[in-house]
file target36.csv (CSV, C-alpha atoms)
chain,number,residue,atom,x,y,z
D,214,MET,CA,131.2,87.1,64.3
D,215,TRP,CA,129.1,90.2,64.9
D,216,LYS,CA,126.6,88.2,66.9
D,217,THR,CA,129.4,87.0,69.2
D,218,ILE,CA,130.7,90.6,69.7
D,219,VAL,CA,127.2,91.9,70.5
D,220,VAL,CA,126.5,89.1,72.9
D,221,LEU,CA,129.9,89.5,74.6
D,222,SER,CA,129.4,93.3,74.9
D,223,LEU,CA,126.0,92.8,76.4
D,224,VAL,CA,127.4,90.4,78.9
D,225,ALA,CA,130.2,92.8,79.7
D,226,ILE,CA,127.8,95.7,80.2
D,227,LEU,CA,125.6,93.5,82.5
D,228,PHE,CA,128.6,92.5,84.4
D,229,LEU,CA,130.0,96.0,84.8
D,230,THR,CA,126.7,97.6,85.9
D,231,GLY,CA,126.1,94.7,88.3
D,232,CYS,CA,129.5,95.2,89.9
D,233,ALA,CA,129.9,98.9,89.8
D,234,PRO,CA,129.8,100.5,93.2
D,235,GLN,CA,126.9,102.9,93.7
D,236,ALA,CA,128.5,106.2,93.1
D,237,LYS,CA,125.6,108.1,94.6
D,238,GLY,CA,122.2,107.7,96.1
D,239,PRO,CA,121.1,106.2,99.4
D,240,ASP,CA,122.1,102.7,100.5
D,241,ILE,CA,119.4,101.7,103.1
D,242,LYS,CA,119.7,98.7,105.4
D,243,ILE,CA,117.3,97.7,108.2
D,244,GLN,CA,119.0,96.2,111.2
D,245,ASP,CA,118.0,94.6,114.5
D,246,ALA,CA,114.3,94.6,113.8
D,247,TRP,CA,112.0,93.2,116.5
D,248,ALA,CA,108.3,93.4,117.4
D,249,ARG,CA,106.9,93.5,120.9
D,250,PRO,CA,104.6,90.7,121.9
D,251,SER,CA,101.1,92.0,122.1
D,252,ALA,CA,98.8,92.0,125.1
D,253,GLY,CA,95.9,90.1,123.4
D,254,ALA,CA,93.7,90.5,120.3
D,255,ASP,CA,92.2,93.9,119.3
D,256,MET,CA,95.4,95.4,120.7
D,257,ASN,CA,98.1,97.6,119.2
D,258,GLY,CA,101.6,96.5,118.5
D,259,ALA,CA,105.0,98.1,118.0
D,260,ILE,CA,108.1,97.4,115.8
D,261,TYR,CA,111.6,98.7,116.4
D,262,PHE,CA,114.8,98.7,114.3
D,263,ARG,CA,117.7,100.7,113.1
D,264,ILE,CA,117.7,102.2,109.6
D,265,VAL,CA,121.3,102.6,108.4
D,266,ASN,CA,122.1,104.6,105.3
D,267,ASP,CA,125.6,103.9,104.0
D,268,GLY,CA,125.0,105.9,100.8
D,269,LYS,CA,126.0,109.4,99.9
D,270,GLU,CA,122.5,110.8,99.7
D,271,ALA,CA,119.8,111.1,102.3
D,272,ASP,CA,116.5,109.2,102.0
D,273,LEU,CA,113.0,109.6,103.4
D,274,LEU,CA,110.9,106.8,105.0
D,275,LEU,CA,107.5,107.7,103.6
D,276,SER,CA,105.1,104.9,104.8
D,277,VAL,CA,104.9,101.4,106.2
D,278,GLU,CA,102.4,98.6,105.6
D,279,THR,CA,101.7,95.2,107.1
D,280,PRO,CA,99.1,92.5,106.6
D,281,SER,CA,99.2,91.7,110.4
D,282,ALA,CA,97.2,94.8,111.5
D,283,HIS,CA,94.5,97.1,110.2
D,284,ALA,CA,97.1,99.9,109.8
D,285,ALA,CA,100.8,100.5,110.3
D,286,GLU,CA,101.9,104.0,111.1
D,287,VAL,CA,105.2,105.8,111.9
D,288,HIS,CA,104.9,107.3,115.4
D,289,GLU,CA,107.2,109.1,117.8
D,290,SER,CA,106.8,109.1,121.6
D,291,MET,CA,108.3,112.2,123.3
D,292,SER,CA,108.8,113.2,126.9
D,293,ASP,CA,108.5,116.8,128.2
D,294,ASP,CA,110.5,118.1,131.2
D,295,ASN,CA,107.8,116.9,133.7
D,296,GLY,CA,107.9,113.3,132.4
D,297,VAL,CA,104.7,113.6,130.5
D,298,MET,CA,104.8,111.3,127.4
D,299,SER,CA,103.0,112.1,124.2
D,300,MET,CA,102.8,110.4,120.9
D,301,GLN,CA,102.6,111.9,117.4
D,302,PRO,CA,102.4,110.3,113.9
D,303,ARG,CA,105.3,111.3,111.6
D,304,ASP,CA,104.7,112.1,108.0
D,305,ASN,CA,108.2,111.0,107.1
D,306,VAL,CA,111.5,110.3,108.7
D,307,GLU,CA,114.8,111.4,107.1
D,308,ILE,CA,117.7,109.0,107.1
D,309,PRO,CA,120.8,111.2,106.6
D,310,ALA,CA,123.6,110.2,104.2
D,311,GLY,CA,126.2,108.1,106.0
D,312,GLY,CA,124.0,108.1,109.1
D,313,GLU,CA,121.3,106.0,110.9
D,314,VAL,CA,118.1,106.5,112.7
D,315,GLU,CA,117.1,104.3,115.6
D,316,PHE,CA,113.5,103.3,116.3
D,317,LYS,CA,113.3,102.4,120.0
D,318,PRO,CA,110.9,102.3,123.0
D,319,GLY,CA,110.0,105.8,124.1
D,320,SER,CA,111.0,107.3,120.8
D,321,LEU,CA,110.3,106.5,117.1
D,322,HIS,CA,108.4,103.3,116.5
D,323,ILE,CA,106.1,101.6,114.0
D,324,MET,CA,102.7,101.4,115.5
D,325,LEU,CA,100.6,98.4,114.4
D,326,VAL,CA,97.0,99.6,114.9
D,327,ASP,CA,94.4,96.9,115.8
D,328,LEU,CA,96.3,93.7,115.3
D,329,ARG,CA,94.4,90.9,113.3
D,330,LYS,CA,95.8,88.3,115.7
D,331,PRO,CA,97.9,88.5,118.9
D,332,LEU,CA,101.6,88.5,118.4
D,333,ALA,CA,103.4,85.9,120.5
D,334,VAL,CA,107.2,85.4,121.0
D,335,GLY,CA,108.5,83.6,117.9
D,336,ASP,CA,105.9,84.9,115.5
D,337,GLU,CA,106.9,86.9,112.4
D,338,VAL,CA,105.4,90.1,111.1
D,339,ALA,CA,105.8,91.0,107.5
D,340,LEU,CA,106.5,94.7,107.1
D,341,THR,CA,107.0,96.8,104.0
D,342,LEU,CA,108.9,100.1,104.3
D,343,ARG,CA,108.5,102.6,101.5
D,344,PHE,CA,111.4,105.0,100.9
D,345,GLU,CA,111.4,108.0,98.6
D,346,LYS,CA,114.6,106.9,96.8
D,347,ALA,CA,115.4,103.3,97.9
D,348,GLY,CA,111.8,102.2,97.1
D,349,GLU,CA,110.3,99.3,99.0
D,350,ILE,CA,112.1,97.1,101.5
D,351,VAL,CA,110.2,94.0,102.8
D,352,LEU,CA,111.1,92.6,106.2
D,353,ASN,CA,110.0,89.6,108.3
D,354,VAL,CA,110.2,90.9,111.8
D,355,LYS,CA,110.5,88.4,114.7
D,356,VAL,CA,108.4,88.9,117.8
D,357,ARG,CA,110.5,88.8,120.9
D,358,GLU,CA,110.7,90.1,124.5
D,359,PRO,CA,112.5,93.4,124.7
S,158,MET,CA,161.3,97.4,155.7
S,159,LYS,CA,159.9,95.3,152.9
S,160,HIS,CA,158.1,93.2,155.5
S,161,ALA,CA,156.7,96.2,157.3
S,162,ILE,CA,155.0,97.5,154.1
S,163,ARG,CA,152.9,94.4,153.5
S,164,PRO,CA,150.8,94.7,156.7
S,165,ILE,CA,150.3,98.4,156.1
S,166,VAL,CA,149.0,97.8,152.6
S,167,LEU,CA,146.8,95.0,153.7
S,168,GLY,CA,145.5,97.0,156.6
S,169,GLY,CA,144.8,99.9,154.3
S,170,LEU,CA,142.9,97.7,151.9
S,171,LEU,CA,140.8,96.3,154.8
S,172,MET,CA,140.0,99.8,156.0
S,173,LEU,CA,138.9,100.8,152.5
S,174,PHE,CA,136.7,97.8,152.3
S,175,LEU,CA,135.1,98.5,155.6
S,176,LEU,CA,134.5,102.1,154.7
S,177,ALA,CA,133.0,101.2,151.4
S,178,SER,CA,130.6,98.7,153.0
S,179,CYS,CA,129.6,101.4,155.6
S,180,GLN,CA,128.5,103.9,152.8
S,181,PRO,CA,124.8,104.4,153.0
S,182,TYR,CA,122.9,102.9,150.0
S,183,GLN,CA,122.3,105.4,147.2
S,184,PHE,CA,118.8,105.0,145.8
S,185,LYS,CA,118.6,104.9,142.0
S,186,GLY,CA,115.2,106.6,141.8
S,187,THR,CA,114.4,110.3,142.5
S,188,PHE,CA,113.8,110.2,146.2
S,189,TYR,CA,111.7,112.4,148.5
S,190,GLU,CA,113.9,113.9,151.3
S,191,ASP,CA,110.9,113.8,153.6
S,192,PRO,CA,108.6,111.2,152.2
S,193,PRO,CA,105.0,112.4,152.2
S,194,ASP,CA,102.1,110.0,153.0
S,195,ALA,CA,100.8,108.6,149.8
S,196,ALA,CA,97.2,109.7,149.3
S,197,ASP,CA,94.8,106.8,149.9
S,198,PHE,CA,92.2,106.0,147.1
S,199,GLU,CA,89.7,103.4,146.3
S,200,LEU,CA,89.2,102.2,142.7
S,201,THR,CA,87.6,99.3,140.8
S,202,ARG,CA,89.8,96.3,140.1
S,203,ALA,CA,89.8,95.1,136.5
S,204,ASP,CA,89.6,91.6,137.8
S,205,GLY,CA,86.5,92.4,140.0
S,206,GLY,CA,85.8,94.1,143.3
S,207,ARG,CA,87.3,97.3,144.7
S,208,LEU,CA,90.8,98.1,146.0
S,209,ARG,CA,91.9,100.6,148.6
S,210,LEU,CA,95.5,101.5,148.6
S,211,SER,CA,95.6,101.3,152.4
S,212,GLU,CA,94.7,97.6,152.2
S,213,LEU,CA,98.2,97.1,150.8
S,214,GLU,CA,100.0,98.5,153.8
S,215,GLY,CA,103.0,96.3,154.6
S,216,LYS,CA,103.8,95.8,150.9
S,217,ILE,CA,105.8,98.0,148.6
S,218,VAL,CA,103.5,99.4,145.9
S,219,LEU,CA,104.6,100.5,142.4
S,220,LEU,CA,102.1,102.8,140.8
S,221,PHE,CA,101.8,103.6,137.1
S,222,PHE,CA,99.2,105.4,135.0
S,223,GLY,CA,98.7,104.4,131.4
S,224,PHE,CA,96.2,103.0,128.8
S,225,THR,CA,95.9,99.8,126.9
S,226,SER,CA,95.9,101.3,123.4
S,227,CYS,CA,99.3,102.7,124.0
S,228,PRO,CA,101.8,100.6,121.9
S,229,ASP,CA,105.1,101.9,123.2
S,230,VAL,CA,105.5,103.5,126.6
S,231,CYS,CA,102.9,101.5,128.6
S,232,PRO,CA,104.0,98.0,127.4
S,233,ALA,CA,107.6,99.0,127.9
S,234,THR,CA,106.8,99.9,131.5
S,235,LEU,CA,104.7,96.8,132.1
S,236,GLY,CA,107.5,94.7,130.6
S,237,ILE,CA,109.8,96.2,133.3
S,238,ALA,CA,107.2,95.4,136.0
S,239,LYS,CA,107.2,91.8,134.8
S,240,ARG,CA,111.0,91.6,135.0
S,241,ILE,CA,111.0,93.0,138.5
S,242,ILE,CA,108.3,90.6,139.7
S,243,GLU,CA,110.1,87.6,138.2
S,244,GLU,CA,113.5,88.6,139.6
S,245,LEU,CA,112.0,89.1,143.1
S,246,GLY,CA,111.0,85.4,143.0
S,247,ASP,CA,109.6,84.3,146.4
S,248,LYS,CA,109.8,87.9,147.7
S,249,SER,CA,107.4,89.1,144.9
S,250,ASP,CA,104.4,88.8,147.2
S,251,ARG,CA,105.8,91.7,149.2
S,252,LEU,CA,105.3,93.9,146.1
S,253,ALA,CA,102.1,95.1,144.4
S,254,PHE,CA,102.1,96.7,140.9
S,255,LEU,CA,99.1,98.8,140.1
S,256,PHE,CA,98.2,100.1,136.6
S,257,ILE,CA,95.7,102.9,136.7
S,258,THR,CA,94.0,103.7,133.4
S,259,VAL,CA,94.0,107.2,132.1
S,260,ASP,CA,91.5,106.2,129.3
S,261,PRO,CA,88.4,104.8,131.1
S,262,GLU,CA,86.4,105.4,127.9
S,263,ARG,CA,88.2,102.6,126.0
S,264,ASP,CA,89.6,100.6,128.8
S,265,THR,CA,86.8,98.4,129.9
S,266,THR,CA,87.5,96.2,132.9
S,267,GLU,CA,87.8,93.2,130.7
S,268,LYS,CA,90.2,94.8,128.2
S,269,LEU,CA,92.2,96.3,131.1
S,270,ASN,CA,92.4,93.0,132.8
S,271,THR,CA,93.5,91.0,129.7
S,272,TYR,CA,96.1,93.6,129.1
S,273,VAL,CA,97.8,93.7,132.5
S,274,GLN,CA,97.5,89.9,133.0
S,275,ASN,CA,99.3,89.4,129.8
S,276,PHE,CA,102.4,90.8,131.4
S,277,HIS,CA,102.1,89.2,134.8
S,278,GLU,CA,99.2,87.7,136.7
S,279,SER,CA,99.9,89.7,139.8
S,280,ILE,CA,99.7,93.1,138.1
S,281,VAL,CA,96.4,94.8,139.1
S,282,GLY,CA,94.6,97.0,136.6
S,283,LEU,CA,92.4,99.8,138.1
S,284,THR,CA,89.7,102.0,136.8
S,285,GLY,CA,86.8,104.0,138.1
S,286,SER,CA,84.5,106.9,137.4
S,287,GLU,CA,86.0,110.0,135.8
S,288,GLU,CA,85.8,111.8,139.1
S,289,GLU,CA,87.5,109.0,141.1
S,290,LEU,CA,90.3,108.8,138.5
S,291,SER,CA,90.9,112.5,138.2
S,292,SER,CA,91.0,112.8,142.0
S,293,VAL,CA,93.8,110.2,142.2
S,294,ARG,CA,95.6,111.9,139.3
S,295,GLU,CA,95.4,115.2,141.2
S,296,ASP,CA,96.7,113.6,144.4
S,297,TYR,CA,99.8,112.2,142.6
S,298,GLY,CA,100.4,115.1,140.3
S,299,ILE,CA,99.6,113.1,137.2
S,300,CYS,CA,98.8,114.9,133.9
S,301,ALA,CA,96.5,113.1,131.4
S,302,ALA,CA,95.1,114.8,128.3
S,303,LYS,CA,93.2,113.2,125.5
S,304,VAL,CA,94.7,114.3,122.2
S,305,PRO,CA,93.0,113.6,118.8
S,306,LEU,CA,95.4,112.1,116.3
S,307,LYS,CA,95.3,111.7,112.5
S,308,SER,CA,95.8,108.0,113.1
S,309,GLY,CA,93.9,104.7,113.1
S,310,ILE,CA,93.8,104.8,116.9
S,311,GLY,CA,91.6,107.9,116.8
S,312,TYR,CA,93.1,109.6,119.9
S,313,THR,CA,96.0,109.2,122.2
S,314,VAL,CA,96.3,110.2,125.9
S,315,ASP,CA,99.4,112.2,126.8
S,316,HIS,CA,100.2,111.2,130.3
S,317,THR,CA,102.9,111.3,133.0
S,318,ALA,CA,104.9,108.1,132.6
S,319,ARG,CA,106.8,108.0,135.9
S,320,VAL,CA,106.6,105.0,138.2
S,321,TYR,CA,105.9,105.8,141.8
S,322,LEU,CA,107.2,103.7,144.7
S,323,ILE,CA,105.1,103.7,147.9
S,324,ASP,CA,106.7,101.9,150.8
S,325,ASN,CA,105.3,99.5,153.4
S,326,GLU,CA,104.1,102.4,155.6
S,327,ARG,CA,102.3,104.0,152.7
S,328,ARG,CA,104.9,106.8,152.2
S,329,LEU,CA,105.7,108.1,148.8
S,330,ARG,CA,109.5,107.3,148.7
S,331,LEU,CA,110.7,107.3,145.1
S,332,THR,CA,109.8,108.0,141.5
S,333,TYR,CA,111.4,106.7,138.3
S,334,ALA,CA,111.4,108.4,134.9
S,335,PHE,CA,110.4,106.5,131.8
S,336,GLY,CA,113.4,104.5,130.6
S,337,THR,CA,114.9,103.7,134.0
S,338,PRO,CA,116.5,100.2,133.7
S,339,TYR,CA,114.5,97.6,135.6
S,340,GLU,CA,117.7,96.7,137.6
S,341,ASP,CA,117.7,100.1,139.2
S,342,ILE,CA,114.1,99.8,140.5
S,343,LEU,CA,114.7,96.2,141.5
S,344,GLN,CA,117.8,97.2,143.5
S,345,ASP,CA,115.9,100.0,145.3
S,346,ILE,CA,113.1,97.5,146.2
S,347,LYS,CA,115.5,95.0,147.5
S,348,GLN,CA,117.1,97.7,149.7
S,349,ILE,CA,113.8,98.8,151.1
S,350,LEU,CA,112.9,95.2,151.9
S,351,LYS,CA,116.2,94.8,153.6
S,352,GLU,CA,115.5,98.0,155.7
S,353,ILE,CA,112.0,96.5,156.6
S,354,ASP,CA,113.6,93.2,157.7
S,355,ILE,CA,116.2,95.0,159.9
S,356,GLN,CA,113.5,97.0,161.6
S,357,ARG,CA,111.5,93.9,162.5
call {"tool": "encode", "arguments": {"input": "target36.csv", "output": "structure tokens"}}
result
Amino acid sequence: MWKTIVVLSLVAILFLTGCAPQAKGPDIKIQDAWARPSAGADMNGAIYFRIVNDGKEADLLLSVETPSAHAAEVHESMSDDNGVMSMQPRDNVEIPAGGEVEFKPGSLHIMLVDLRKPLAVGDEVALTLRFEKAGEIVLNVKVREP
Amino acid sequence: MKHAIRPIVLGGLLMLFLLASCQPYQFKGTFYEDPPDAADFELTRADGGRLRLSELEGKIVLLFFGFTSCPDVCPATLGIAKRIIEELGDKSDRLAFLFITVDPERDTTEKLNTYVQNFHESIVGLTGSEEELSSVREDYGICAAKVPLKSGIGYTVDHTARVYLIDNERRLRLTYAFGTPYEDILQDIKQILKEIDIQR
């Protein structure tokens, strides 16, 4: 009898926690990810996407990692008033609660430093994004023309 | 009365149509009111030999300054070049796209050539001595500054990312900011080609 009650309670708890809507914390989703085809070996690549946070708390993208290149870094291209473009690494990127951040050409992007092999249309790049609260998210990013 | 209105309306519409087609073309790029002569230069072609800008007279030239380690802005611009060349089809031999490196230290002719050819075989990569390159940059008002980065690429080169359009008479006609849709540049090129054909 007791055994049945314990088992049923455990099942009920499991069920409830599994179904309970997340009351707080970030809810991170990566959408529309794509990688630019590379211009040969020994070259650098770029990945773009949108990070959507449907949660009630902001989160921070801390780092990225890929086996396809010697390093992956979060960079941001910026233009001044004279049309001079510069590029800076970003230590982190905040994804506001209920908001989104777009990585796009001429702006935020993931730079793949020194690709291990060229990226052609149709290839896939594995990318791990590490967030402060959401933890790790692993993506398979398709290579396509912009 | 009802019958009289119809021709008036039709006539009005016809007038509007005629007026609209008489409107001068509005260029999409930033245009020079009084187009200056584009400074001539001679640089080393990444695919071998030398190239003088004046040799290209008769063609429309698009000029862009960049570097091959650049993962974002330069490939985005060369991607636009590719689209324009493809869309021009059999008229594409009337256009030359030149990519001048701002990073001659890392951009060997071989690397530069592989890079530009990857986008389109007709794109020409150009390099030269530091003096030759800086003199071209000065003539076209291009900024280029080597900036050390805490990054696997070691350093980046901040640079002017506008595309310059030189017409068939080697006049600097238009410039385009980074992010200009390729359709806008394509439409301007088609318009200039049309003007050239009318003058002939």
call {"tool": "interface_residues", "arguments": {"input": "target36.csv", "of": "chain S", "to": "chain D", "cutoff": "8 Å", "atoms": "all atoms listed in the file", "output": "VMD selection string"}}
result
chain S and resid 225 to 230 233 236 271 to 273 275 to 276 300 306 to 310 313 to 319 334 to 336
call {"tool": "atom_distance", "arguments": {"input": "target36.csv", "atom1": "atom CA of Thr266 of chain S", "atom2": "atom CA of Val334 of chain D"}}
result
25.4 Å
call {"tool": "atom_distance", "arguments": {"input": "target36.csv", "atom1": "atom CA of Asp354 of chain S", "atom2": "atom CA of Leu252 of chain S"}}
result
14.3 Å
call {"tool": "residues_around", "arguments": {"input": "target36.csv", "residues": "Glu349 of chain D", "least_positions_apart": "5", "cutoff": "12 Å", "atoms": "only C-alpha atoms", "output": "list of chain:residue names"}}
result
D:Ile241, D:Lys242, D:Ile243, D:Leu273, D:Leu274, D:Leu275, D:Ser276, D:Val277, D:Glu278, D:Leu340, D:Thr341, D:Leu342, D:Arg343, D:Phe344
call {"tool": "residues_around", "arguments": {"input": "target36.csv", "residues": "segment 279-287 of chain S", "least_positions_apart": "2", "cutoff": "8 Å", "atoms": "only C-alpha atoms", "output": "list in words"}}
result
Leu200, Thr201, Arg202, Ala203, Asp204, Ala253, Phe254, Leu255, Phe256, Ile257, Thr258, Pro261, Thr266, Leu269, Asn270, Val273, Gln274, Phe276, His277, Glu289, Leu290 and Ser291 of chain S
call {"tool": "atom_distance", "arguments": {"input": "target36.csv", "atom1": "atom CA of Val338 of chain D", "atom2": "atom CA of Ser281 of chain D"}}
result
6.4 Å
call {"tool": "closest_residue", "arguments": {"input": "target36.csv", "among": "D:Lys216, D:Lys237, D:Lys330, D:Lys355", "to": "Ala271 of chain D", "atoms": "only C-alpha atoms"}}
result
D:Lys237
call {"tool": "build_atoms", "arguments": {"input": "target36.csv", "residues": "segment 188-221 of chain S", "atoms": "N, CA and C atoms", "output": "PDB file, keeping the file's coordinate frame"}}
result
ATOM      1  N   PHE S 188     114.399 110.471 144.949  1.00  0.00           N
ATOM      2  CA  PHE S 188     113.800 110.200 146.200  1.00  0.00           C
ATOM      3  C   PHE S 188     113.271 111.491 146.911  1.00  0.00           C
ATOM      4  N   TYR S 189     112.246 111.309 147.725  1.00  0.00           N
ATOM      5  CA  TYR S 189     111.700 112.400 148.500  1.00  0.00           C
ATOM      6  C   TYR S 189     112.522 112.508 149.782  1.00  0.00           C
ATOM      7  N   GLU S 190     113.103 113.684 150.054  1.00  0.00           N
ATOM      8  CA  GLU S 190     113.900 113.900 151.300  1.00  0.00           C
ATOM      9  C   GLU S 190     113.062 113.555 152.496  1.00  0.00           C
ATOM     10  N   ASP S 191     111.819 114.068 152.504  1.00  0.00           N
ATOM     11  CA  ASP S 191     110.900 113.800 153.600  1.00  0.00           C
ATOM     12  C   ASP S 191     109.667 113.178 153.040  1.00  0.00           C
ATOM     13  N   PRO S 192     109.680 111.841 152.964  1.00  0.00           N
ATOM     14  CA  PRO S 192     108.600 111.200 152.200  1.00  0.00           C
ATOM     15  C   PRO S 192     107.207 111.499 152.709  1.00  0.00           C
ATOM     16  N   PRO S 193     106.354 112.064 151.836  1.00  0.00           N
ATOM     17  CA  PRO S 193     105.000 112.400 152.200  1.00  0.00           C
ATOM     18  C   PRO S 193     104.141 111.110 152.279  1.00  0.00           C
ATOM     19  N   ASP S 194     103.027 111.170 153.030  1.00  0.00           N
ATOM     20  CA  ASP S 194     102.100 110.000 153.000  1.00  0.00           C
ATOM     21  C   ASP S 194     101.501 109.953 151.602  1.00  0.00           C
ATOM     22  N   ALA S 195     101.404 108.734 151.088  1.00  0.00           N
ATOM     23  CA  ALA S 195     100.800 108.600 149.800  1.00  0.00           C
ATOM     24  C   ALA S 195      99.272 108.626 149.952  1.00  0.00           C
ATOM     25  N   ALA S 196      98.635 109.485 149.161  1.00  0.00           N
ATOM     26  CA  ALA S 196      97.200 109.700 149.300  1.00  0.00           C
ATOM     27  C   ALA S 196      96.462 108.353 149.101  1.00  0.00           C
ATOM     28  N   ASP S 197      95.520 108.080 149.991  1.00  0.00           N
ATOM     29  CA  ASP S 197      94.800 106.800 149.900  1.00  0.00           C
ATOM     30  C   ASP S 197      93.699 107.019 148.774  1.00  0.00           C
ATOM     31  N   PHE S 198      93.310 105.922 148.154  1.00  0.00           N
ATOM     32  CA  PHE S 198      92.200 106.000 147.100  1.00  0.00           C
ATOM     33  C   PHE S 198      91.550 104.628 147.083  1.00  0.00           C
ATOM     34  N   GLU S 199      90.361 104.640 146.529  1.00  0.00           N
ATOM     35  CA  GLU S 199      89.700 103.400 146.300  1.00  0.00           C
ATOM     36  C   GLU S 199      89.189 103.364 144.849  1.00  0.00           C
ATOM     37  N   LEU S 200      89.547 102.320 144.123  1.00  0.00           N
ATOM     38  CA  LEU S 200      89.200 102.200 142.700  1.00  0.00           C
ATOM     39  C   LEU S 200      88.668 100.802 142.414  1.00  0.00           C
ATOM     40  N   THR S 201      88.161 100.634 141.172  1.00  0.00           N
ATOM     41  CA  THR S 201      87.600  99.300 140.800  1.00  0.00           C
ATOM     42  C   THR S 201      88.713  98.473 140.168  1.00  0.00           C
ATOM     43  N   ARG S 202      88.830  97.264 140.686  1.00  0.00           N
ATOM     44  CA  ARG S 202      89.800  96.300 140.100  1.00  0.00           C
ATOM     45  C   ARG S 202      89.299  95.775 138.807  1.00  0.00           C
ATOM     46  N   ALA S 203      90.210  95.660 137.823  1.00  0.00           N
ATOM     47  CA  ALA S 203      89.800  95.100 136.500  1.00  0.00           C
ATOM     48  C   ALA S 203      89.414  93.669 136.620  1.00  0.00           C
ATOM     49  N   ASP S 204      89.902  92.978 137.667  1.00  0.00           N
ATOM     50  CA  ASP S 204      89.600  91.600 137.800  1.00  0.00           C
ATOM     51  C   ASP S 204      88.414  91.370 138.838  1.00  0.00           C
ATOM     52  N   GLY S 205      87.729  92.455 139.151  1.00  0.00           N
ATOM     53  CA  GLY S 205      86.500  92.400 140.000  1.00  0.00           C
ATOM     54  C   GLY S 205      86.776  92.909 141.402  1.00  0.00           C
ATOM     55  N   GLY S 206      85.757  93.569 141.947  1.00  0.00           N
ATOM     56  CA  GLY S 206      85.800  94.100 143.300  1.00  0.00           C
ATOM     57  C   GLY S 206      86.485  95.495 143.327  1.00  0.00           C
ATOM     58  N   ARG S 207      86.715  95.979 144.540  1.00  0.00           N
ATOM     59  CA  ARG S 207      87.300  97.300 144.700  1.00  0.00           C
ATOM     60  C   ARG S 207      88.657  97.132 145.418  1.00  0.00           C
ATOM     61  N   LEU S 208      89.514  98.113 145.277  1.00  0.00           N
ATOM     62  CA  LEU S 208      90.800  98.100 146.000  1.00  0.00           C
ATOM     63  C   LEU S 208      91.089  99.404 146.635  1.00  0.00           C
ATOM     64  N   ARG S 209      91.423  99.351 147.908  1.00  0.00           N
ATOM     65  CA  ARG S 209      91.900 100.600 148.600  1.00  0.00           C
ATOM     66  C   ARG S 209      93.379 100.449 148.756  1.00  0.00           C
ATOM     67  N   LEU S 210      94.074 101.543 148.494  1.00  0.00           N
ATOM     68  CA  LEU S 210      95.500 101.500 148.600  1.00  0.00           C
ATOM     69  C   LEU S 210      95.942 101.115 150.032  1.00  0.00           C
ATOM     70  N   SER S 211      95.214 101.612 151.045  1.00  0.00           N
ATOM     71  CA  SER S 211      95.600 101.300 152.400  1.00  0.00           C
ATOM     72  C   SER S 211      95.524  99.841 152.788  1.00  0.00           C
ATOM     73  N   GLU S 212      94.750  99.086 151.992  1.00  0.00           N
ATOM     74  CA  GLU S 212      94.700  97.600 152.200  1.00  0.00           C
ATOM     75  C   GLU S 212      96.072  96.985 151.946  1.00  0.00           C
ATOM     76  N   LEU S 213      96.870  97.682 151.164  1.00  0.00           N
ATOM     77  CA  LEU S 213      98.200  97.100 150.800  1.00  0.00           C
ATOM     78  C   LEU S 213      99.298  97.466 151.707  1.00  0.00           C
ATOM     79  N   GLU S 214      98.986  98.154 152.806  1.00  0.00           N
ATOM     80  CA  GLU S 214     100.000  98.500 153.800  1.00  0.00           C
ATOM     81  C   GLU S 214     100.806  97.297 154.197  1.00  0.00           C
ATOM     82  N   GLY S 215     102.117  97.451 154.273  1.00  0.00           N
ATOM     83  CA  GLY S 215     103.000  96.300 154.600  1.00  0.00           C
ATOM     84  C   GLY S 215     103.679  95.814 153.329  1.00  0.00           C
ATOM     85  N   LYS S 216     103.101  96.185 152.179  1.00  0.00           N
ATOM     86  CA  LYS S 216     103.800  95.800 150.900  1.00  0.00           C
ATOM     87  C   LYS S 216     104.374  97.076 150.282  1.00  0.00           C
ATOM     88  N   ILE S 217     105.308  96.863 149.383  1.00  0.00           N
ATOM     89  CA  ILE S 217     105.800  98.000 148.600  1.00  0.00           C
ATOM     90  C   ILE S 217     104.887  98.030 147.355  1.00  0.00           C
ATOM     91  N   VAL S 218     104.445  99.253 147.012  1.00  0.00           N
ATOM     92  CA  VAL S 218     103.500  99.400 145.900  1.00  0.00           C
ATOM     93  C   VAL S 218     104.218 100.217 144.774  1.00  0.00           C
ATOM     94  N   LEU S 219     104.175  99.694 143.559  1.00  0.00           N
ATOM     95  CA  LEU S 219     104.600 100.500 142.400  1.00  0.00           C
ATOM     96  C   LEU S 219     103.358 100.909 141.673  1.00  0.00           C
ATOM     97  N   LEU S 220     103.286 102.211 141.352  1.00  0.00           N
ATOM     98  CA  LEU S 220     102.100 102.800 140.800  1.00  0.00           C
ATOM     99  C   LEU S 220     102.429 103.364 139.396  1.00  0.00           C
ATOM    100  N   PHE S 221     101.603 103.023 138.410  1.00  0.00           N
ATOM    101  CA  PHE S 221     101.800 103.600 137.100  1.00  0.00           C
ATOM    102  C   PHE S 221     100.506 103.905 136.429  1.00  0.00           C
TER     103      PHE S 221
END
